Each structure stands twice: as structure tokens, then as C-alpha cells.
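Colleague: Pasting a structure below so you can have a look.
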Amino acid sequence: MARIGVRPPAVPAVPRPRRARRALTALLALSTAALALGGCGREETAGEGDPGTVTVVATTTWEGAFARAAGAKDVKVLVPPSTGHAPDYEPKPSDLTTVAAADFVLYAPFEPYAEQIKDAAGSQAELVEVGLDNDAAKVRAEVKRLAALFGTEDAAADWRKRFDAHYARLEKELKADWPDGKRPEVVSQVFTTWAAKLAGARTVGAFGPEAVTPEQLSRLSAHEPALVLDNAHMTTGEVLPGTDARQVDVVNYPDRDLDLLAVYEDAATALSKAMTAS
């Protein structure tokens with residue numbers, strides 16, 4: 001089976017709470033020093049001032065990209081894109097001072113340290129849970145919701161227009177790549193179904209986030225899918241060995257430039273390559 005991808009994974013999305021708790025213990029011990037450096041929080045009300053001037057701290061590039069799409073200009077990311085597993089990240093004293101100056105702290109529920117970071121820093125920032133899903137409809141809704149919090153509705157509306165045009169172009173191009181002009185059938189990891197929708201594919205089976213069991217392997221292989229869409233951040237290797245399905249590694253996290261549109265472009269490139277391969 002050929003495996004097709006566009007770039008190495010940035011940050012997987014499976015928590016490892018024990019190690020995260022150990023990191024938090026050290027982090028809390030440093031909070032006093034960080035407060036001395038960064039102050040005890042912002043006195044002004046979050047979101048006041050010109051639109052787009054709010055300071056947003058995001059735990060990873062995924063939340064950061066949502067914030068940027070929503071119109072926030074000052075977006076800082078705590079976990080470097082090179083980190084292999086977000087919950088393994090050990091916060092630094094400088095992260096506390098960064099959070100202490102924030103208006104909003106964006107996090108995902110599988111990241112167990114976000115609220116503790118905020119508390120340790122003494123920040124008055126608003127803690128916002130972000131629904132990380134690259135499904136187009138969910139992205140539009142989440143960007144709109146964040147923009148309402150930031151006071152950046154106009155910028156977010158402009159971004160959604162660009163997103164709609166970008167998405168429509170990719171959909172059209174991928175449809176032209178359908179093998180023999182027929183809608184491809186795919187098996188998708190539960191967090192890559194958005195890529196199947198982008199390709200206009202028919203999802204005949206799903207797996208994950210756990211590794212595929214022998215029973216699942218038999219059932220999924222019986223569908224004889226053309227493609228297997230794996231989650232590059234949580235991959236367990238070849239999903240359907242012994243079949244003719246081409247495996248595509250889908251990347252969910254944006255790069256350090258926080259460009260969410262690039263995630264769709266990269267996925268489309270990998271999907272096109274898989275569908276047009278001889």
C-alpha cells in the first residue's frame with residue numbers, strides 16, 4: 001500500500017495526562033517568579049479598544065489559526081510546531097508571563113494544562129475552549145463565534161469569504177481527479193472525515209482513534225476502499241495492509257504561519273496525488 005502525505009505531523013491530539021500533570025507541578029512552582037516579571041494580570045477589560053488589537057494566547061497552532069482566521073492580529077502560540085505531542089509539552093516560566101498579558105487564552109479539552117497555566121500566571125484572560133475540527137461548516141461557525149468574542153466580526157467575515165472561495169476551488173479540482181470520473185470510496189480515521197468531504201468521497205467505514213483491531217481490519221477491508229485517510233498526528237502505521245487502498249496521511253495542524261487555508265491546500269494536494277496515481 002502506498003502512503004501519501006505532504007509534510008510531517010506537527011502536534012498529535014491524544015492527551016497523556018500523567019506527564020502533563022508532572023509538568024504542571026513544576027510550572028506552578030515557578031508562578032511566583034513569573035508573576036513578578038509579568039504582573040498580576042491586565043487591568044483593562046478584554047476586547048476593549050480597536051478591533052483586532054486583543055492579545056490572544058493559543059496553546060497550539062491549531063487554536064492559533066482559528067484565532068487568526070477570526071481576525072485577531074496579536075496571536076501567540078505556546079507549544080512549538082516541532083513538538084511531537086502537545087500534552088507532552090512542558091511549559092516554561094516565559095509562558096506564564098505571556099499568558100499574564102493575554103486577553104484570551106484558547107485551548108482544546110484534550111490539553112489538560114491550559115486552565116492551570118492561566119491560574120498560575122494570575123491572568124485575568126478569558127479562557128476559551130475551541131472546537132478543533134477542520135470540517136468546513138464547523139470552521140465557519142467557530143471562526144464566527146471567536147470573532148464575536150474578539151470584536152473582529154468584519155475581519156472574520158472577510159476571511160470566511162476567502163475560505164469559501166478557496167474551498168470551492170479545491171472541491172472542483174478534486175472532483176476532476178476522481179478515478180474514471182466516479183466518486184471514490186474511502187475509509188477514514190475519525191478526525192480526517194473533513195478531508196473525505198473536501199474530496200467529495202463516499203466514506204464507507206471509519207476507524208480510530210485507537211489502532212485498528214483484526215475484526216475492524218476484516219470489516220473495513222471488505223469495503224475495498226480506494227483510499228484510506230489516516231490522521232498523521234495519531235498514525236499507527238499501515239491501516240489496511242494487504243489491500244490495494246492508497247493511504248493518505250492527513251495533517252490537521254497548521255504550520256507556524258497559522259494559515260488554516262494551507263491545511264486544506266496540503267490535504268487537497270495529497271488527495272489529488274492519491275486519486276490520480278496509476
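Letters A, B, ... go to the chains of the C-alpha cells in the order shown; residues in each chain start at 1; ligands are counted from 1 in the same order.
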Find the residues around Val187 of chain A up to 10 Å (only C-alpha atoms counted), leave out those fewer than 6 positions away in its own chain, and share them as a PyMOL selection string.

Modeller: chain A and resi 193+196+201-207+220-221+223-230+239-240+245+247

Colleague: Using DSSP secondary structure from the backbone, list all alpha helix (DSSP H) positions within segment 75-181 of chain A, as JSON, numbers by chain.

Modeller: {"A": [93, 94, 95, 96, 97, 98, 99, 100, 114, 115, 116, 117, 118, 119, 120, 121, 136, 137, 138, 139, 140, 141, 142, 143, 144, 145, 146, 147, 148, 149, 150, 153, 154, 155, 156, 157, 158, 159, 160, 161, 162, 163, 164, 165, 166, 167, 168, 169, 170, 171, 172, 173, 174, 175, 176]}

Colleague: Write out as a count of residues only which residues come within 10 Å of Thr60 of chain A when counting only C-alpha atoms, dropping same-chain ones fewer than 2 positions away.

Modeller: 25

Colleague: Compare A:Pro109, A:Val54, A:Thr276, A:Val250 by their minimum atom-to-atom distance to Gly181 of chain A, counting only C-alpha atoms, and give me the closest one.

Modeller: A:Thr276

Colleague: Assign secondary structure with DSSP using the backbone only, and return the residues of segment 40-272 of chain A in strand (DSSP E) as number ranges by chain.

Modeller: A: 55-58, 74-77, 104-107, 126-129, 185-189, 202-207, 227-231, 246-250

Colleague: To one decimal place, how far is atom CA of Gly71 of chain A from atom CA of Thr98 of chain A in Å?

Modeller: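 Interatomic distance, atom CA of Gly71 of chain A to atom CA of Thr98 of chain A: 19.8 Å.
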
Colleague: Under the rule that only C-alpha atoms are counted, which of A:Lys172, A:His233, A:Arg160, A:Arg219 is the nearest residue to Phe191 of chain A?

Modeller: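 Distance minimum relative to Phe191 of chain A lands on A:His233.
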
Colleague: By how many Å are atom CA of Phe104 of chain A and atom CA of Leu261 of chain A apart?

Modeller: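 Separation of atom CA of Phe104 of chain A and atom CA of Leu261 of chain A: 22.8 Å.
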
Colleague: What is the distance, in Å and to one decimal place, between atom CA of Ala262 of chain A and atom CA of Ala147 of chain A?

Modeller: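 These two atoms are separated by 20.5 Å.
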
Colleague: Using only C-alpha atoms, determine which residues lie at most 8 Å from Val143 of chain A, disregarding the query and same-chain residues fewer than 6 positions distant; provide the list as a PDB file with C-alpha atoms, in the first residue's frame.

Modeller:
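Contents of the output file part_13.pdb:
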ATOM      1  CA  PHE A  66      -8.655  29.756  14.313  1.00  0.00           C
ATOM      2  CA  ALA A  67      -7.899  32.976  16.190  1.00  0.00           C
ATOM      3  CA  ALA A  69      -8.964  33.494  10.899  1.00  0.00           C
ATOM      4  CA  ALA A  70     -11.359  35.184  13.327  1.00  0.00           C
ATOM      5  CA  ALA A 156     -13.791  37.237  10.193  1.00  0.00           C
TER       6      ALA A 156
END

Colleague: Choose the residue, out of A:Asp164, A:Asp95, A:Glu129, A:Asp177, that has the smallest atom-to-atom separation from Ala277 of chain A; count only C-alpha atoms.

Modeller: A:Asp177

Colleague: Counting only C-alpha atoms, figure out which residue out of A:Val99, A:Leu149, A:Val263, A:Val75 gets nearest to Phe163 of chain A.

Modeller: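 Smallest distance to Phe163 of chain A is found for A:Val263.
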
Colleague: Kindly indicate which residue among A:Val105, A:Val139, A:Ala168, A:Val190 lies nearest to Glu126 of chain A, using only C-alpha atoms for the distances.

Modeller: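 Smallest separation from Glu126 of chain A among the options: A:Val105.
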